[in-house]
$ cat protein.tsv   # TSV, C-alpha atoms
chain	number	residue	atom	x	y	z
T	1	MET	CA	156.44	173.17	19.90
T	2	SER	CA	158.04	175.22	17.25
T	3	LYS	CA	156.10	173.34	14.58
T	4	SER	CA	152.69	174.18	16.12
T	5	ILE	CA	153.67	177.86	16.33
T	6	ASP	CA	154.65	177.81	12.69
T	7	LYS	CA	151.19	176.50	11.72
T	8	LEU	CA	149.33	179.38	13.39
T	9	PRO	CA	148.48	182.17	10.96
T	10	ARG	CA	150.29	185.44	11.57
T	11	ASP	CA	147.53	187.62	10.19
T	12	PRO	CA	145.42	189.04	13.08
T	13	GLN	CA	142.24	189.15	10.98
T	14	MET	CA	142.65	185.50	10.09
T	15	VAL	CA	143.14	184.64	13.77
T	16	GLN	CA	140.03	186.64	14.64
T	17	ALA	CA	137.97	184.82	11.98
T	18	LEU	CA	139.18	181.44	13.20
T	19	ARG	CA	138.27	182.35	16.78
T	20	ARG	CA	134.76	183.42	15.75
T	21	GLU	CA	134.24	180.21	13.79
T	22	LEU	CA	135.57	178.15	16.69
T	23	ASN	CA	133.22	179.93	19.13
T	24	ARG	CA	130.27	179.47	16.76
T	25	ASN	CA	131.01	175.74	16.36
T	26	THR	CA	131.46	175.36	20.12
T	27	ARG	CA	128.09	177.05	20.76
T	28	ARG	CA	126.40	174.89	18.11
T	29	ILE	CA	127.90	171.70	19.56
T	30	SER	CA	126.95	172.73	23.09
T	31	GLN	CA	123.42	173.65	22.00
T	32	SER	CA	122.89	170.35	20.14
T	33	PHE	CA	124.33	168.43	23.11
T	34	TRP	CA	121.88	170.04	25.52
T	35	GLN	CA	118.97	169.52	23.12
T	36	GLU	CA	119.79	165.82	22.82
T	37	PHE	CA	120.27	165.62	26.57
T	38	GLU	CA	116.80	167.13	27.16
T	39	GLN	CA	115.24	164.77	24.60
T	40	ILE	CA	116.80	161.73	26.24
T	41	ARG	CA	115.75	162.93	29.68
T	42	GLU	CA	112.17	163.50	28.44
T	43	GLN	CA	112.07	159.99	26.94
T	44	GLN	CA	113.29	158.50	30.20
T	45	ARG	CA	110.66	160.45	32.17
T	46	ASP	CA	107.93	159.21	29.82
T	47	GLN	CA	109.21	155.64	30.11
T	48	LEU	CA	109.31	155.85	33.92
T	49	ALA	CA	105.79	157.30	34.01
T	50	GLN	CA	104.55	154.51	31.70
T	51	GLU	CA	106.21	151.84	33.85
T	52	GLN	CA	104.70	153.36	37.00
T	53	SER	CA	101.22	153.40	35.46
T	54	ASP	CA	101.68	149.77	34.36
T	55	ARG	CA	102.73	148.80	37.89
T	56	ASP	CA	99.74	150.63	39.35
T	57	ARG	CA	97.39	148.90	36.90
T	58	ILE	CA	98.86	145.47	37.70
T	59	THR	CA	98.63	146.15	41.44
T	60	THR	CA	94.99	147.19	41.05
T	61	LEU	CA	94.19	144.06	39.03
T	62	MET	CA	95.90	141.85	41.61
T	63	ARG	CA	94.03	143.54	44.45
T	64	GLU	CA	90.69	143.10	42.63
T	65	THR	CA	91.47	139.46	41.85
T	66	ASN	CA	92.43	138.74	45.46
T	67	LEU	CA	89.25	140.42	46.69
T	68	GLU	CA	87.14	138.39	44.26
T	69	ALA	CA	88.89	135.16	45.29
T	70	GLN	CA	88.29	135.95	48.96
T	71	GLN	CA	84.61	136.62	48.26
T	72	GLN	CA	84.27	133.32	46.39
T	73	LEU	CA	86.09	131.51	49.19
T	74	GLU	CA	83.79	133.04	51.77
T	75	ALA	CA	80.72	132.09	49.70
T	76	LEU	CA	82.06	128.54	49.40
T	77	ARG	CA	82.65	128.37	53.16
T	78	ARG	CA	79.10	129.54	53.83
T	79	SER	CA	77.73	127.02	51.33
T	80	ILE	CA	79.72	124.16	52.86
T	81	SER	CA	78.71	125.12	56.38
T	82	SER	CA	75.03	125.32	55.44
T	83	HIS	CA	74.76	122.41	52.98
T	84	GLY	CA	77.77	120.22	53.68
T	85	ILE	CA	80.06	118.71	51.09
T	86	ASN	CA	78.50	116.86	48.16
T	87	PRO	CA	80.84	113.97	47.28
T	88	ALA	CA	79.17	113.53	43.88
T	89	ALA	CA	79.90	117.10	42.85
T	90	PRO	CA	83.04	117.59	40.78
T	91	SER	CA	85.91	119.22	42.54
T	92	PRO	CA	89.31	120.30	41.24
T	93	CYS	CA	91.09	118.08	43.75
T	94	MET	CA	88.89	115.02	43.19
T	95	ARG	CA	89.54	112.75	40.22
T	96	ARG	CA	87.47	109.80	39.25
T	97	GLU	CA	89.75	106.79	39.26
T	98	GLN	CA	89.13	103.42	37.73
T	99	PRO	CA	87.96	100.65	40.03
T	100	ALA	CA	90.85	98.97	41.82
T	101	ILE	CA	89.59	95.42	41.30
T	102	MET	CA	89.78	95.36	37.49
T	103	PRO	CA	91.86	98.29	36.25
T	104	ALA	CA	91.72	98.92	32.52
T	105	THR	CA	94.98	98.59	30.65
T	106	ALA	CA	96.12	100.92	27.92
T	107	GLU	CA	95.60	98.12	25.39
T	108	GLN	CA	91.97	97.73	26.41
T	109	THR	CA	91.19	101.41	26.12
T	110	GLN	CA	92.92	101.54	22.73
T	111	GLU	CA	90.95	98.50	21.53
T	112	THR	CA	87.66	100.04	22.59
T	113	LYS	CA	88.57	103.24	20.78
T	114	ASP	CA	89.57	101.38	17.62
T	115	PHE	CA	86.58	99.02	17.60
T	116	PRO	CA	83.44	100.59	19.07
T	117	LEU	CA	80.94	97.99	20.20
T	118	GLN	CA	77.96	99.99	18.93
T	119	LEU	CA	79.00	99.63	15.28
T	120	ALA	CA	80.28	96.05	15.41
T	121	THR	CA	78.32	93.00	14.31
T	122	ASN	CA	77.64	90.10	16.67
T	123	ARG	CA	80.68	88.12	15.52
T	124	GLN	CA	82.90	91.17	15.89
T	125	LYS	CA	81.52	91.77	19.38
T	126	VAL	CA	82.37	88.22	20.40
T	127	ALA	CA	85.87	88.54	18.94
T	128	ILE	CA	86.42	91.84	20.73
T	129	LYS	CA	85.26	90.36	24.04
T	130	ARG	CA	87.65	87.43	23.56
T	131	ARG	CA	90.56	89.80	22.86
T	132	GLN	CA	89.68	91.85	25.91
T	133	MET	CA	89.57	88.76	28.10
T	134	ASP	CA	92.94	87.61	26.70
T	135	ALA	CA	94.44	91.07	27.29
T	136	ARG	CA	93.37	91.19	30.94
T	137	PRO	CA	96.17	90.43	33.36
T	138	SER	CA	95.82	87.14	35.16
T	139	ALA	CA	95.50	86.97	38.93
T	140	THR	CA	98.94	85.36	39.22
T	141	ALA	CA	100.61	87.91	36.94
T	142	SER	CA	100.15	90.87	39.25
T	143	PRO	CA	100.19	90.23	43.00
T	144	ASN	CA	99.51	93.93	43.68
T	145	LEU	CA	95.89	93.76	42.51
T	146	PRO	CA	93.48	93.81	45.43
T	147	ARG	CA	91.38	90.72	45.85
T	148	ALA	CA	87.62	90.67	45.91
T	149	PRO	CA	86.04	90.71	49.36
T	150	PRO	CA	85.02	87.31	50.73
T	151	SER	CA	81.52	86.21	49.92
T	152	SER	CA	78.87	86.36	52.59
T	153	ARG	CA	78.06	82.66	52.21
T	154	ALA	CA	79.81	80.32	54.58
T	155	THR	CA	81.83	77.63	52.84
T	156	ILE	CA	81.66	74.29	54.60
T	157	VAL	CA	84.52	71.97	53.85
T	158	PRO	CA	83.77	68.37	54.76
T	159	SER	CA	86.36	66.68	56.89
T	160	ASN	CA	86.51	63.34	55.05
T	161	PRO	CA	87.45	63.09	51.34
T	162	THR	CA	84.63	60.70	50.45
T	163	SER	CA	81.92	63.18	51.29
T	164	ARG	CA	83.71	65.78	49.17
T	165	ALA	CA	83.43	63.58	46.12
T	166	GLN	CA	79.70	63.17	46.74
T	167	THR	CA	79.07	66.92	46.82
T	168	ARG	CA	80.80	67.35	43.46
T	169	SER	CA	78.67	64.89	41.58
T	170	ARG	CA	77.17	67.58	39.36
T	171	PRO	CA	79.25	69.96	37.20
T	172	GLN	CA	79.97	73.40	38.64
T	173	PHE	CA	79.57	76.36	36.28
T	174	SER	CA	80.02	79.82	37.60
T	175	LYS	CA	78.08	82.75	36.23
T	176	LEU	CA	81.35	84.30	35.09
T	177	LYS	CA	82.24	81.28	32.95
T	178	LEU	CA	78.76	81.12	31.48
T	179	GLY	CA	78.92	84.83	30.67
T	180	GLU	CA	82.21	84.41	28.83
T	181	LYS	CA	80.87	81.76	26.46
T	182	PRO	CA	79.80	83.11	23.07
T	183	LYS	CA	76.09	83.21	22.45
T	184	ILE	CA	75.02	81.62	19.18
$ encode --input "protein.tsv" --output "structure tokens"
Amino acid sequence: MSKSIDKLPRDPQMVQALRRELNRNTRRISQSFWQEFEQIREQQRDQLAQEQSDRDRITTLMRETNLEAQQQLEALRRSISSHGINPAAPSPCMRREQPAIMPATAEQTQETKDFPLQLATNRQKVAIKRRQMDARPSATASPNLPRAPPSSRATIVPSNPTSRAQTRSRPQFSKLKLGEKPKI
């Protein structure tokens, strides 16, 4: 303690000048503190007001969107009740799927994209058809493929084997096999 007392000036005028300067600096620091405090508070008020206006705008947009969606839903309900559902019309929940009997493979779709039939010559068309037939999965390869419905014609199987041989005296060509043969 004796050291701090030794550092104080003994001249009363000097002490008075130091006190005035200390008071002036304290007032200046206090004034700048309160100015900065007010600036920060004003910025926070502006930010809160901006956030509130943004929330109000978003709420208004959501309310308008919900109202519009309800109006469209009501119009759709009225349309369905008066006209019924059109199965041919596109719908977001309906997708057109490939036929289940002969589904296209990725290789087939890629081949048709790579070699369009419209631009190919006759020989190229025949070669493409052969490749497509080779790329098709066989009936034994995939047991999950659904089978074709039975034909409407009744098939009569003769009871004795000799009559069976007589019915097969002429060659049997199906339309499918004839259609697969290349045309010259």
$ atom_distance --input "protein.tsv" --atom1 "atom CA of T:Thr59" --atom2 "atom CA of T:Arg78"
28.5 Å
$ atom_distance --input "protein.tsv" --atom1 "atom CA of T:Arg10" --atom2 "atom CA of T:Asn23"
19.5 Å
$ atom_distance --input "protein.tsv" --atom1 "atom CA of T:Gln35" --atom2 "atom CA of T:Glu21"
20.8 Å
